[in-house]
file final_1.cif (mmCIF, C-alpha atoms and all ligand atoms)
data_structure
#
loop_
_atom_site.label_atom_id
_atom_site.label_comp_id
_atom_site.auth_asym_id
_atom_site.auth_seq_id
_atom_site.Cartn_x
_atom_site.Cartn_y
_atom_site.Cartn_z
CA MET F 1 -8.31 0.21 -0.37
CA ALA F 2 -11.97 0.05 -1.40
CA ARG F 3 -12.55 3.34 0.44
CA GLU F 4 -9.68 4.91 -1.49
CA VAL F 5 -11.06 3.72 -4.84
CA GLN F 6 -14.50 5.06 -3.90
CA ALA F 7 -12.94 8.42 -3.00
CA LEU F 8 -11.68 8.58 -6.60
CA GLY F 9 -15.31 8.28 -7.69
CA TYR F 10 -15.59 4.61 -8.71
CA ASP F 11 -17.95 1.87 -7.46
CA THR F 12 -16.14 -1.12 -6.03
CA ASP F 13 -16.49 -4.89 -5.68
CA VAL F 14 -14.32 -6.52 -3.04
CA ALA F 15 -13.40 -10.21 -3.18
CA ASN F 16 -10.34 -12.44 -2.84
CA ALA F 17 -8.03 -9.67 -1.64
CA ARG F 18 -8.79 -7.55 -4.69
CA VAL F 19 -10.86 -4.43 -5.22
CA THR F 20 -12.43 -4.39 -8.69
CA PHE F 21 -13.93 -1.35 -10.39
CA LYS F 22 -15.09 -0.27 -13.86
CA ALA F 23 -13.71 2.95 -15.27
CA GLY F 24 -12.34 4.72 -18.32
CA LEU F 25 -8.67 4.86 -19.32
CA GLU F 26 -8.11 7.93 -17.17
CA ALA F 27 -8.53 5.68 -14.12
CA ILE F 28 -5.25 3.95 -15.00
CA CYS F 29 -3.48 7.27 -14.39
CA ARG F 30 -5.54 8.40 -11.41
CA ALA F 31 -5.51 5.05 -9.57
CA ASN F 32 -1.74 4.65 -9.97
CA LEU F 33 -1.10 8.18 -8.80
CA TRP F 34 -3.52 8.17 -5.86
CA LEU F 35 -3.94 4.71 -4.34
CA ARG F 36 -1.98 4.59 -1.10
CA SER F 37 -2.62 1.07 0.15
CA ALA F 38 -2.86 -0.86 -3.16
CA ASP F 39 0.05 -3.02 -4.31
CA ARG F 40 -0.62 -2.42 -7.97
CA VAL F 41 -3.30 -1.54 -10.51
CA LEU F 42 -4.20 -4.22 -13.04
CA VAL F 43 -6.41 -4.15 -16.11
CA LYS F 44 -8.70 -7.19 -16.05
CA LEU F 45 -9.01 -8.59 -19.55
CA GLY F 46 -11.11 -11.60 -18.73
CA GLU F 47 -12.29 -14.13 -16.17
CA PHE F 48 -13.54 -17.62 -16.95
CA THR F 49 -13.62 -21.22 -15.76
CA ALA F 50 -10.60 -23.19 -16.96
CA LEU F 51 -10.62 -26.92 -16.22
CA SER F 52 -8.27 -27.95 -19.03
CA PHE F 53 -5.30 -26.47 -20.86
CA ASP F 54 -7.40 -26.41 -24.05
CA GLU F 55 -10.02 -24.33 -22.32
CA LEU F 56 -7.37 -21.97 -20.90
CA PHE F 57 -5.80 -21.60 -24.35
CA GLU F 58 -9.00 -20.99 -26.31
CA ARG F 59 -10.59 -18.59 -23.84
CA THR F 60 -7.34 -16.61 -23.45
CA LYS F 61 -6.88 -16.41 -27.23
CA ALA F 62 -10.41 -15.02 -27.59
CA LEU F 63 -9.64 -11.99 -25.38
CA PRO F 64 -8.91 -8.65 -27.14
CA TRP F 65 -5.14 -8.53 -26.49
CA ALA F 66 -4.33 -6.45 -29.56
CA ASP F 67 -6.66 -3.68 -28.27
CA TRP F 68 -4.04 -3.16 -25.55
CA LEU F 69 -0.72 -4.53 -26.80
CA PRO F 70 1.04 -2.79 -29.71
CA VAL F 71 2.95 -4.93 -32.20
CA ASN F 72 6.27 -4.37 -30.37
CA ALA F 73 4.87 -5.03 -26.86
CA ASN F 74 7.08 -6.87 -24.39
CA PHE F 75 4.70 -9.26 -22.62
CA PRO F 76 6.13 -11.59 -19.99
CA VAL F 77 3.52 -13.87 -18.39
CA GLU F 78 3.40 -14.46 -14.65
CA GLY F 79 1.12 -16.92 -12.92
CA LYS F 80 -0.31 -18.37 -9.75
CA SER F 81 -2.71 -21.19 -8.99
CA ILE F 82 -4.65 -21.89 -5.81
CA LYS F 83 -7.03 -24.83 -5.29
CA SER F 84 -7.35 -25.42 -9.05
CA LYS F 85 -7.22 -28.40 -11.40
CA LEU F 86 -4.60 -26.59 -13.48
CA PHE F 87 -1.98 -26.46 -10.76
CA SER F 88 1.23 -26.38 -12.82
CA VAL F 89 1.97 -22.65 -12.95
CA PRO F 90 4.80 -22.88 -15.55
CA ASP F 91 2.46 -24.80 -17.89
CA CYS F 92 -0.33 -22.22 -17.41
CA GLN F 93 2.15 -19.41 -18.15
CA ALA F 94 3.37 -21.15 -21.33
CA ILE F 95 -0.20 -21.80 -22.54
CA VAL F 96 -1.22 -18.20 -21.92
CA LYS F 97 1.88 -16.88 -23.69
CA LYS F 98 1.09 -19.04 -26.70
CA ALA F 99 -2.57 -17.98 -26.71
CA VAL F 100 -1.67 -14.28 -26.58
CA VAL F 101 0.83 -14.74 -29.44
CA GLU F 102 -1.89 -16.44 -31.54
CA SER F 103 -4.35 -13.68 -30.75
CA LEU F 104 -1.82 -10.97 -31.75
CA LYS F 105 -0.86 -12.88 -34.93
CA SER F 106 -4.42 -12.77 -36.21
CA ARG F 107 -4.61 -8.98 -35.68
CA TYR F 108 -1.09 -7.93 -36.75
CA HIS F 109 -0.62 -10.53 -39.52
CA CYS F 110 2.93 -11.35 -38.59
CA GLN F 111 4.60 -14.53 -37.37
CA TRP F 112 7.20 -13.23 -34.94
CA PHE F 113 7.10 -10.58 -32.23
CA GLU F 114 10.36 -8.87 -31.29
CA GLU F 115 9.03 -7.67 -27.90
CA THR F 116 11.33 -4.63 -27.92
CA GLY F 117 8.62 -2.10 -26.90
CA PRO F 118 6.76 -1.13 -23.71
CA ARG F 119 6.15 -3.68 -21.01
CA PHE F 120 2.78 -5.36 -20.50
CA THR F 121 3.20 -7.88 -17.69
CA ILE F 122 0.37 -10.38 -18.03
CA GLU F 123 -0.78 -12.47 -15.10
CA VAL F 124 -2.83 -15.65 -15.17
CA ALA F 125 -4.26 -16.17 -11.68
CA LEU F 126 -6.21 -19.36 -11.05
CA LEU F 127 -8.40 -19.57 -7.98
CA LYS F 128 -10.78 -22.51 -7.55
CA ASP F 129 -10.64 -23.16 -11.32
CA ILE F 130 -11.49 -19.58 -12.27
CA ALA F 131 -8.77 -17.99 -14.41
CA THR F 132 -8.34 -14.22 -14.21
CA LEU F 133 -6.22 -12.62 -16.93
CA THR F 134 -4.78 -9.20 -16.16
CA ILE F 135 -2.18 -6.73 -17.42
CA ASP F 136 -0.12 -4.79 -14.87
CA THR F 137 -0.31 -1.01 -15.36
CA SER F 138 1.96 -0.10 -12.42
CA GLY F 139 5.38 -1.64 -13.11
CA PRO F 140 7.33 -1.55 -9.84
CA GLY F 141 4.91 -2.10 -6.91
CA LEU F 142 3.07 0.99 -5.70
CA HIS F 143 4.90 0.89 -2.34
CA LYS F 144 7.85 2.25 -4.32
CA ARG F 145 6.88 5.90 -3.99
CA GLY F 146 10.37 7.04 -4.93
CA TYR F 147 11.34 8.60 -1.59
CA ARG F 148 12.96 5.56 0.04
CA LYS F 149 16.41 5.18 -1.43
CA LEU F 150 18.14 3.65 1.56
CA SER F 151 17.09 0.62 3.54
CA SER F 152 17.00 -0.03 7.27
CA ALA F 153 16.17 -3.06 9.40
CA ALA F 154 12.47 -4.09 9.26
CA PRO F 155 11.04 -1.02 7.52
CA LEU F 156 7.30 -1.00 7.06
CA LYS F 157 6.03 -1.03 3.48
CA GLU F 158 4.70 2.38 2.53
CA THR F 159 1.39 0.81 1.41
CA LEU F 160 0.91 -0.86 4.81
CA ALA F 161 1.83 2.31 6.72
CA ALA F 162 -0.76 4.24 4.68
CA ALA F 163 -3.36 1.52 5.33
CA MET F 164 -2.67 1.69 9.10
CA ILE F 165 -3.17 5.46 9.08
CA ASN F 166 -6.34 5.26 7.00
CA LEU F 167 -7.78 2.52 9.24
CA SER F 168 -7.14 4.70 12.29
CA ARG F 169 -9.26 7.45 10.72
CA TRP F 170 -6.65 9.96 11.89
CA HIS F 171 -7.63 13.49 10.97
CA PRO F 172 -4.89 15.93 9.87
CA GLU F 173 -5.98 18.40 12.57
CA ARG F 174 -4.78 15.93 15.21
CA MET F 175 -1.27 15.24 16.32
CA LEU F 176 0.22 11.97 15.08
CA LEU F 177 3.18 10.45 16.86
CA ASP F 178 5.24 7.36 16.11
CA PRO F 179 7.53 6.77 19.11
CA LEU F 180 9.27 3.81 17.38
CA CYS F 181 9.48 5.43 13.99
CA GLY F 182 12.57 3.70 12.51
CA SER F 183 13.09 4.98 8.98
CA GLY F 184 10.00 7.18 9.33
CA THR F 185 7.46 5.50 7.07
CA ILE F 186 4.38 6.23 9.24
CA PRO F 187 4.96 9.98 9.80
CA ILE F 188 5.98 10.43 6.14
CA GLU F 189 2.87 8.66 4.83
CA ALA F 190 0.77 10.73 7.26
CA ALA F 191 2.33 13.91 5.87
CA LEU F 192 1.46 12.83 2.32
CA ILE F 193 -2.12 12.06 3.41
CA GLY F 194 -2.44 15.27 5.44
CA LEU F 195 -1.19 17.52 2.64
CA CYS F 196 -3.22 15.57 0.06
CA ILE F 197 -0.10 14.70 -1.93
CA ALA F 198 -0.69 11.82 -4.35
CA PRO F 199 1.74 9.07 -3.28
CA GLY F 200 2.77 8.33 -6.88
CA ILE F 201 3.49 11.91 -7.86
CA HIS F 202 7.28 11.43 -7.93
CA ARG F 203 7.37 8.23 -9.98
CA GLU F 204 6.59 6.68 -13.36
CA PHE F 205 4.32 3.71 -14.17
CA ALA F 206 4.44 0.92 -16.78
CA ALA F 207 1.32 2.26 -18.49
CA GLY F 208 3.09 5.60 -18.97
CA GLN F 209 4.67 3.95 -22.03
CA TRP F 210 1.47 2.39 -23.37
CA PRO F 211 0.21 3.84 -26.68
CA ILE F 212 -3.41 3.16 -25.65
CA VAL F 213 -3.21 5.65 -22.76
CA PRO F 214 -2.89 9.12 -24.32
CA GLU F 215 -0.20 11.35 -22.82
CA ARG F 216 -2.95 13.94 -22.26
CA LEU F 217 -4.60 11.69 -19.64
CA TRP F 218 -1.35 11.46 -17.67
CA GLN F 219 -0.88 15.21 -17.88
CA GLU F 220 -4.43 15.84 -16.69
CA ALA F 221 -4.11 13.38 -13.81
CA ARG F 222 -0.76 14.86 -12.72
CA GLN F 223 -2.18 18.35 -12.98
CA GLU F 224 -5.22 17.36 -10.89
CA ALA F 225 -2.83 15.90 -8.29
CA GLY F 226 -0.68 19.05 -8.31
CA ASN F 227 -3.73 21.30 -7.83
CA LEU F 228 -5.01 19.33 -4.85
CA ILE F 229 -1.85 19.63 -2.73
CA ARG F 230 -2.49 21.59 0.49
CA ARG F 231 0.88 23.25 1.16
CA ASP F 232 -0.89 25.82 3.36
CA LEU F 233 -1.64 23.27 6.10
CA LYS F 234 0.56 22.92 9.16
CA LEU F 235 0.52 19.37 10.46
CA GLN F 236 1.60 18.11 13.87
CA LEU F 237 3.64 15.03 13.10
CA ARG F 238 6.39 13.61 15.25
CA GLY F 239 8.70 10.61 14.92
CA THR F 240 11.01 9.47 17.70
CA ASP F 241 13.31 6.48 17.99
CA ILE F 242 16.12 5.35 20.25
CA ASP F 243 18.45 4.79 17.28
CA ALA F 244 20.18 7.87 15.82
CA GLU F 245 21.16 6.07 12.61
CA VAL F 246 17.60 5.16 11.56
CA LEU F 247 16.51 8.72 12.38
CA SER F 248 19.00 10.08 9.87
CA LEU F 249 17.34 7.79 7.30
CA ALA F 250 13.93 9.09 8.34
CA ARG F 251 15.08 12.69 7.84
CA TYR F 252 16.54 11.81 4.44
CA HIS F 253 13.31 10.08 3.34
CA ALA F 254 11.18 12.99 4.52
CA ARG F 255 13.30 15.39 2.44
CA GLN F 256 13.00 13.10 -0.59
CA ALA F 257 9.22 12.97 -0.13
CA GLY F 258 9.08 16.77 0.08
CA VAL F 259 7.55 16.78 3.58
CA ALA F 260 10.61 17.53 5.75
CA GLU F 261 9.08 20.73 7.16
CA GLN F 262 6.00 18.92 8.39
CA ILE F 263 7.64 16.38 10.70
CA SER F 264 9.79 16.81 13.78
CA TRP F 265 12.23 13.98 14.49
CA GLN F 266 13.85 13.34 17.82
CA GLN F 267 16.16 10.72 19.25
CA ALA F 268 14.55 9.47 22.46
CA PRO F 269 13.79 6.19 24.21
CA LEU F 270 10.11 5.33 24.55
CA ALA F 271 10.37 5.71 28.34
CA GLU F 272 10.96 9.46 27.90
CA LEU F 273 7.86 10.07 25.82
CA HIS F 274 5.77 12.95 27.06
CA THR F 275 3.43 15.46 25.47
CA LYS F 276 0.97 18.09 26.60
CA GLN F 277 -1.05 17.71 23.41
CA LYS F 278 -4.53 16.23 23.69
CA TYR F 279 -6.60 13.97 21.46
CA GLY F 280 -3.57 12.81 19.48
CA TYR F 281 -2.87 9.52 17.74
CA ILE F 282 0.01 7.14 18.35
CA ILE F 283 0.46 4.79 15.40
CA CYS F 284 3.41 2.45 15.55
CA ASN F 285 5.04 -0.80 14.55
CA PRO F 286 7.24 -1.98 17.43
CA PRO F 287 9.74 -4.85 17.12
CA TYR F 288 7.94 -8.23 17.23
CA GLY F 289 10.77 -10.20 18.82
CA GLU F 290 11.02 -12.77 16.06
CA ARG F 291 14.29 -14.28 17.22
CA MET F 292 14.25 -15.99 20.62
CA GLU F 293 16.82 -13.64 22.12
CA ASP F 294 14.72 -10.60 21.09
CA ILE F 295 11.41 -11.79 22.52
CA GLN F 296 12.10 -10.66 26.06
CA VAL F 297 13.21 -7.24 24.84
CA ALA F 298 10.00 -6.88 22.79
CA GLU F 299 7.85 -8.04 25.71
CA HIS F 300 9.50 -5.57 28.05
CA LEU F 301 8.89 -2.83 25.48
CA TYR F 302 5.16 -3.70 25.28
CA GLN F 303 4.87 -3.41 29.08
CA GLU F 304 6.66 -0.09 28.92
CA MET F 305 4.27 1.06 26.19
CA GLY F 306 1.37 0.31 28.53
CA GLN F 307 2.87 2.45 31.28
CA VAL F 308 3.99 5.31 29.04
CA PHE F 309 0.71 5.57 27.09
CA ARG F 310 -1.58 5.31 30.17
CA PRO F 311 -1.38 9.01 31.19
CA LEU F 312 -2.32 10.04 27.62
CA ASP F 313 -5.98 9.54 28.46
CA THR F 314 -7.38 11.54 25.54
CA TRP F 315 -5.21 9.81 22.94
CA SER F 316 -5.91 6.89 20.58
CA PHE F 317 -3.33 4.13 20.08
CA TYR F 318 -2.79 1.86 17.09
CA VAL F 319 -0.16 -0.86 17.27
CA LEU F 320 0.83 -3.47 14.67
CA THR F 321 2.54 -6.57 16.01
CA ALA F 322 2.76 -10.31 15.40
CA HIS F 323 3.12 -11.06 19.13
CA HIS F 324 -0.10 -12.71 20.37
CA GLY F 325 0.48 -11.69 23.98
CA PHE F 326 0.51 -7.98 23.17
CA GLU F 327 -2.74 -6.96 24.91
CA LYS F 328 -1.78 -8.76 28.12
CA LEU F 329 1.65 -7.15 28.24
CA PHE F 330 0.27 -3.74 27.28
CA GLY F 331 -2.31 -4.10 30.04
CA ARG F 332 -5.46 -3.27 28.10
CA ARG F 333 -7.82 -5.08 25.73
CA ALA F 334 -8.01 -3.52 22.28
CA ASP F 335 -11.33 -1.94 21.28
CA LYS F 336 -10.83 -3.49 17.88
CA LYS F 337 -8.38 -5.94 16.33
CA ARG F 338 -7.74 -6.56 12.72
CA LYS F 339 -5.57 -9.11 10.92
CA LEU F 340 -3.01 -7.49 8.62
CA TYR F 341 -0.01 -9.01 6.87
CA ASN F 342 3.37 -7.33 7.16
CA GLY F 343 4.93 -9.04 4.14
CA ARG F 344 4.39 -12.71 4.99
CA ILE F 345 4.11 -12.14 8.73
CA GLU F 346 0.57 -12.39 10.06
CA CYS F 347 0.03 -9.51 12.48
CA ASN F 348 -2.77 -7.98 14.47
CA TYR F 349 -3.52 -4.30 14.29
CA TYR F 350 -4.56 -3.42 17.87
CA GLN F 351 -6.77 -0.35 18.05
CA PHE F 352 -7.46 1.56 21.29
CA PHE F 353 -9.89 4.40 20.76
CA GLY F 354 -9.63 7.61 22.76
CA PRO F 355 -12.57 9.90 23.54
CA HIS F 356 -13.90 12.22 20.82
CA ALA F 357 -12.39 15.68 20.88
CA PRO F 358 -14.94 18.32 21.92
CA ARG F 359 -16.31 20.34 19.02
CA PRO F 360 -15.07 23.93 18.95
CA ASN F 361 -17.63 26.43 20.32
CA LEU F 362 -19.08 28.32 17.43
CA GLU F 363 -20.47 31.80 18.00
CA ALA F 364 -22.63 33.65 15.58
C1 LIG F 401 10.07 -2.44 13.51
S1 LIG F 401 11.03 -1.02 13.70
C2 LIG F 401 9.99 0.28 13.11
C3 LIG F 401 10.08 0.42 11.61
C4 LIG F 401 9.45 1.66 11.10
N1 LIG F 401 7.99 1.61 11.17
C5 LIG F 401 9.93 1.93 9.67
O1 LIG F 401 9.10 2.09 8.79
O2 LIG F 401 11.14 1.95 9.43
C6 LIG F 401 11.05 -0.73 15.43
C7 LIG F 401 11.85 0.47 15.87
O3 LIG F 401 11.72 0.59 17.27
C8 LIG F 401 12.91 1.18 17.77
N2 LIG F 401 13.00 0.92 19.22
C9 LIG F 401 13.18 -0.27 19.84
N3 LIG F 401 13.18 -0.11 21.19
C10 LIG F 401 12.97 1.22 21.42
C11 LIG F 401 12.83 2.00 22.60
N4 LIG F 401 12.90 1.47 23.82
N5 LIG F 401 12.62 3.33 22.48
C12 LIG F 401 12.52 3.89 21.24
N6 LIG F 401 12.67 3.20 20.09
C13 LIG F 401 12.87 1.88 20.17
C14 LIG F 401 14.01 0.54 16.94
O4 LIG F 401 15.18 1.36 16.93
C15 LIG F 401 13.33 0.41 15.56
O5 LIG F 401 13.68 1.49 14.74
#
call {"tool": "encode", "arguments": {"input": "final_1.cif", "output": "structure tokens"}}
result
Amino acid sequence: MAREVQALGYDTDVANARVTFKAGLEAICRANLWLRSADRVLVKLGEFTALSFDELFERTKALPWADWLPVNANFPVEGKSIKSKLFSVPDCQAIVKKAVVESLKSRYHCQWFEETGPRFTIEVALLKDIATLTIDTSGPGLHKRGYRKLSSAAPLKETLAAAMINLSRWHPERMLLDPLCGSGTIPIEAALIGLCIAPGIHREFAAGQWPIVPERLWQEARQEAGNLIRRDLKLQLRGTDIDAEVLSLARYHARQAGVAEQISWQQAPLAELHTKQKYGYIICNPPYGERMEDIQVAEHLYQEMGQVFRPLDTWSFYVLTAHHGFEKLFGRRADKKRKLYNGRIECNYYQFFGPHAPRPNLEA
């Protein structure tokens, strides 16, 4: 995610599963439209030590809430607390709500707020006694791109699929294949990346209703995103799966995402995978075998993956699974492993690097 924020032109700090950056209001529009692996974009109003409810109240009240919230703002307060003295989340939420109301009262000189206007979801997050106060600019999580209308069993979140592709450093010149594609999230996200389509282009965001963000900034950001789309490119993306029903979902989602022409879908068991292409990428998320009766099926599939992928000696393979015996069953040690969470499930992202493709011969 930090790499994505840097690509938008901002310097980043990374800590505690968050990427923080300083930017003007236009970044609210650009970050929401462009970030592929972020869950949401928050405005950080303040960060301070809070060891007592008094401290939490006073320091929250002192923050410039009325700079952001109009008089009719709807401002629910969410909360979380980890390893902190103030561990009662409902109490922290109530204190913060009261402090924000007091802060708004002194600016707007009124006693009661109807909260009938745009939504400003506030979060108080306590970590080791440090309180971070934020306002959510995104609304529904950024994985909701707007193309997935139907659900299937165990779909991958769009944000995680995009992160897997970005971590693989796949280049749009190369073929990308997901032989266990399910509802198609990986090939669809690859098409969006390859064509440089901003993932949020088809949706709205909470901050779209905020008076502080001028409509002009949204228009400019959407125009920038529209201008950058590379419709001229022809990508080589393929999704296959044994299940015809999930493939019809994949086709539907690809049409919704506007990338149907870029991906070929095919019903086929993994065992029948073959390709003459070289230097391609397989990126996939096989079943993990969570239930006892499924484990053997998953383990057999991992062995089959080892056999089927072996002849593809110029290809790179990237596999996300929660099964710790994957490398043994696959028959090869990963060149790199990385812990990633699929929802609450702790997984490893196994990365097997293929050789570099030869550079094309250039003649003067
Ligand atoms: C965890 S799901 C993949 C989810 C997918 N990434 C998505 O976003 O929807 C695993 C998929 O593997 C497929 N599958 C299982 N065994 C298979 C096999 N032997 N050959 C091909 N596909 C298989 C299932 O039909 C299922 O769609």
call {"tool": "closest_atom_pairs", "arguments": {"input": "final_1.cif", "of": "chain F", "to": "ligand LIG 401 (chain F)", "cutoff": "10 Å", "atoms": "only C-alpha atoms and all ligand atoms", "output": "CSV"}}
result
residue,atom,partner,partner_atom,distance
F:Ser151,CA,F:LIG401,O2,8.5
F:Ser152,CA,F:LIG401,O2,6.6
F:Ala153,CA,F:LIG401,S1,7.0
F:Ala154,CA,F:LIG401,C1,5.2
F:Pro155,CA,F:LIG401,O2,3.5
F:Leu156,CA,F:LIG401,O1,4.0
F:Lys157,CA,F:LIG401,O1,6.9
F:Glu158,CA,F:LIG401,O1,7.7
F:Leu160,CA,F:LIG401,O1,9.6
F:Ala161,CA,F:LIG401,O1,7.6
F:Asp178,CA,F:LIG401,N1,8.1
F:Pro179,CA,F:LIG401,C12,6.1
F:Leu180,CA,F:LIG401,O3,4.0
F:Cys181,CA,F:LIG401,C4,4.8
F:Gly182,CA,F:LIG401,O5,3.3
F:Ser183,CA,F:LIG401,O2,3.6
F:Gly184,CA,F:LIG401,O1,5.2
F:Thr185,CA,F:LIG401,O1,4.2
F:Ile186,CA,F:LIG401,N1,6.2
F:Pro187,CA,F:LIG401,O1,9.0
F:Ile188,CA,F:LIG401,O1,9.3
F:Glu189,CA,F:LIG401,O1,9.9
F:Gly239,CA,F:LIG401,C4,9.8
F:Thr240,CA,F:LIG401,C12,6.8
F:Asp241,CA,F:LIG401,N6,3.9
F:Ile242,CA,F:LIG401,C12,4.0
F:Asp243,CA,F:LIG401,O4,4.8
F:Ala244,CA,F:LIG401,O4,8.3
F:Glu245,CA,F:LIG401,O4,8.8
F:Val246,CA,F:LIG401,O5,6.2
F:Leu247,CA,F:LIG401,O5,8.1
F:Leu249,CA,F:LIG401,O2,8.8
F:Ala250,CA,F:LIG401,O2,7.7
F:Gln267,CA,F:LIG401,C12,8.0
F:Ala268,CA,F:LIG401,C12,6.1
F:Pro269,CA,F:LIG401,N5,3.5
F:Leu270,CA,F:LIG401,N5,3.8
F:Ala271,CA,F:LIG401,N4,6.7
F:Glu272,CA,F:LIG401,N5,8.3
F:Leu273,CA,F:LIG401,N5,8.9
F:Ile283,CA,F:LIG401,N1,9.2
F:Cys284,CA,F:LIG401,N1,6.4
F:Asn285,CA,F:LIG401,N1,5.1
F:Pro286,CA,F:LIG401,C6,4.5
F:Pro287,CA,F:LIG401,C1,4.4
F:Tyr288,CA,F:LIG401,C1,7.2
F:Gly289,CA,F:LIG401,C1,9.4
F:Val297,CA,F:LIG401,N3,8.0
F:Ala298,CA,F:LIG401,N3,7.6
F:His300,CA,F:LIG401,N4,8.9
F:Leu301,CA,F:LIG401,N4,6.1
F:Tyr302,CA,F:LIG401,N4,9.4
F:Glu304,CA,F:LIG401,N4,8.2
F:Met305,CA,F:LIG401,N4,9.0
F:Leu320,CA,F:LIG401,C1,9.4
F:Thr321,CA,F:LIG401,C1,8.9
call {"tool": "residues_near_point", "arguments": {"input": "final_1.cif", "point": "(-0.5, 10.0, -11.6)", "cutoff": "10 Å", "atoms": "only C-alpha atoms", "output": "ChimeraX atom specification"}}
result
/F:26-35,198-205,208,217-226
call {"tool": "closest_residue", "arguments": {"input": "final_1.cif", "among": "F:Val308, F:Ile130, F:Leu235, F:Ala322", "to": "Glu346 (chain F)", "atoms": "all atoms listed in the file"}}
result
F:Ala322
call {"tool": "closest_residue", "arguments": {"input": "final_1.cif", "among": "F:Arg40, F:Lys22, F:Lys61, F:Lys83", "to": "Val96 (chain F)", "atoms": "only C-alpha atoms"}}
result
F:Lys61
call {"tool": "atom_distance", "arguments": {"input": "final_1.cif", "atom1": "CA of Arg231 (chain F)", "atom2": "CA of Arg174 (chain F)"}}
result
16.8 Å
call {"tool": "closest_residue", "arguments": {"input": "final_1.cif", "among": "F:Val41, F:Gln262, F:Ile212, F:Gly46", "to": "Arg230 (chain F)", "atoms": "all atoms listed in the file"}}
result
F:Gln262
call {"tool": "residues_around", "arguments": {"input": "final_1.cif", "residues": "Tyr108 (chain F)", "least_positions_apart": "6", "cutoff": "9 Å", "atoms": "all atoms listed in the file", "output": "list in words"}}
result
Ala66, Pro70 and Val71 of chain F
call {"tool": "residues_around", "arguments": {"input": "final_1.cif", "residues": "Pro172 (chain F)", "least_positions_apart": "6", "cutoff": "9 Å", "atoms": "only C-alpha atoms", "output": "JSON, numbers by chain"}}
result
{"F": [190, 191, 193, 194, 195, 233, 234, 235, 236]}
call {"tool": "write_last_selection", "arguments": {"input": "final_1.cif", "atoms": "C-alpha atoms", "output": "PDB file, in the coordinates of the input"}}
result
ATOM      1  CA  ALA F 190       0.770  10.730   7.260  1.00  0.00           C
ATOM      2  CA  ALA F 191       2.330  13.910   5.870  1.00  0.00           C
ATOM      3  CA  ILE F 193      -2.120  12.060   3.410  1.00  0.00           C
ATOM      4  CA  GLY F 194      -2.440  15.270   5.440  1.00  0.00           C
ATOM      5  CA  LEU F 195      -1.190  17.520   2.640  1.00  0.00           C
ATOM      6  CA  LEU F 233      -1.640  23.270   6.100  1.00  0.00           C
ATOM      7  CA  LYS F 234       0.560  22.920   9.160  1.00  0.00           C
ATOM      8  CA  LEU F 235       0.520  19.370  10.460  1.00  0.00           C
ATOM      9  CA  GLN F 236       1.600  18.110  13.870  1.00  0.00           C
TER      10      GLN F 236
END
call {"tool": "closest_residue", "arguments": {"input": "final_1.cif", "among": "F:Gln266, F:Asn74, F:Thr49, F:Thr314", "to": "Arg119 (chain F)", "atoms": "only C-alpha atoms"}}
result
F:Asn74
call {"tool": "closest_residue", "arguments": {"input": "final_1.cif", "among": "F:Leu126, F:Val19, F:Ala94, F:Leu133", "to": "Ala62 (chain F)", "atoms": "all atoms listed in the file"}}
result
F:Leu133
call {"tool": "atom_distance", "arguments": {"input": "final_1.cif", "atom1": "CA of Ser88 (chain F)", "atom2": "CA of Phe53 (chain F)"}}
result
10.4 Å
call {"tool": "residues_near_point", "arguments": {"input": "final_1.cif", "point": "(4.1, 16.1, 25.5)", "cutoff": "12 Å", "atoms": "all atoms listed in the file", "output": "PyMOL selection string"}}
result
chain F and resi 175-177+179+238+272-280+308-309+311-312+315
call {"tool": "closest_residue", "arguments": {"input": "final_1.cif", "among": "F:Glu114, F:Glu78, F:Glu123, F:Glu173", "to": "Leu42 (chain F)", "atoms": "all atoms listed in the file"}}
result
F:Glu123
call {"tool": "atom_distance", "arguments": {"input": "final_1.cif", "atom1": "CA of Glu299 (chain F)", "atom2": "CA of Leu329 (chain F)"}}
result
6.8 Å
call {"tool": "axis_aligned_box", "arguments": {"input": "final_1.cif", "around": "region 99-107 of chain F", "padding_each_side": "5 Å", "output": "lines of an AutoDock Vina configuration file"}}
result
center_x = -1.9
center_y = -13.5
center_z = -31.4
size_x = 15.4
size_y = 19.0
size_z = 19.6
call {"tool": "residues_around", "arguments": {"input": "final_1.cif", "residues": "Asp335 (chain F)", "least_positions_apart": "3", "cutoff": "9 Å", "atoms": "all atoms listed in the file", "output": "ChimeraX atom specification"}}
result
/F:350-353
call {"tool": "write_last_selection", "arguments": {"input": "final_1.cif", "atoms": "C-alpha atoms", "output": "PDB file, in the coordinates of the input"}}
result
ATOM      1  CA  TYR F 350      -4.560  -3.420  17.870  1.00  0.00           C
ATOM      2  CA  GLN F 351      -6.770  -0.350  18.050  1.00  0.00           C
ATOM      3  CA  PHE F 352      -7.460   1.560  21.290  1.00  0.00           C
ATOM      4  CA  PHE F 353      -9.890   4.400  20.760  1.00  0.00           C
TER       5      PHE F 353
END
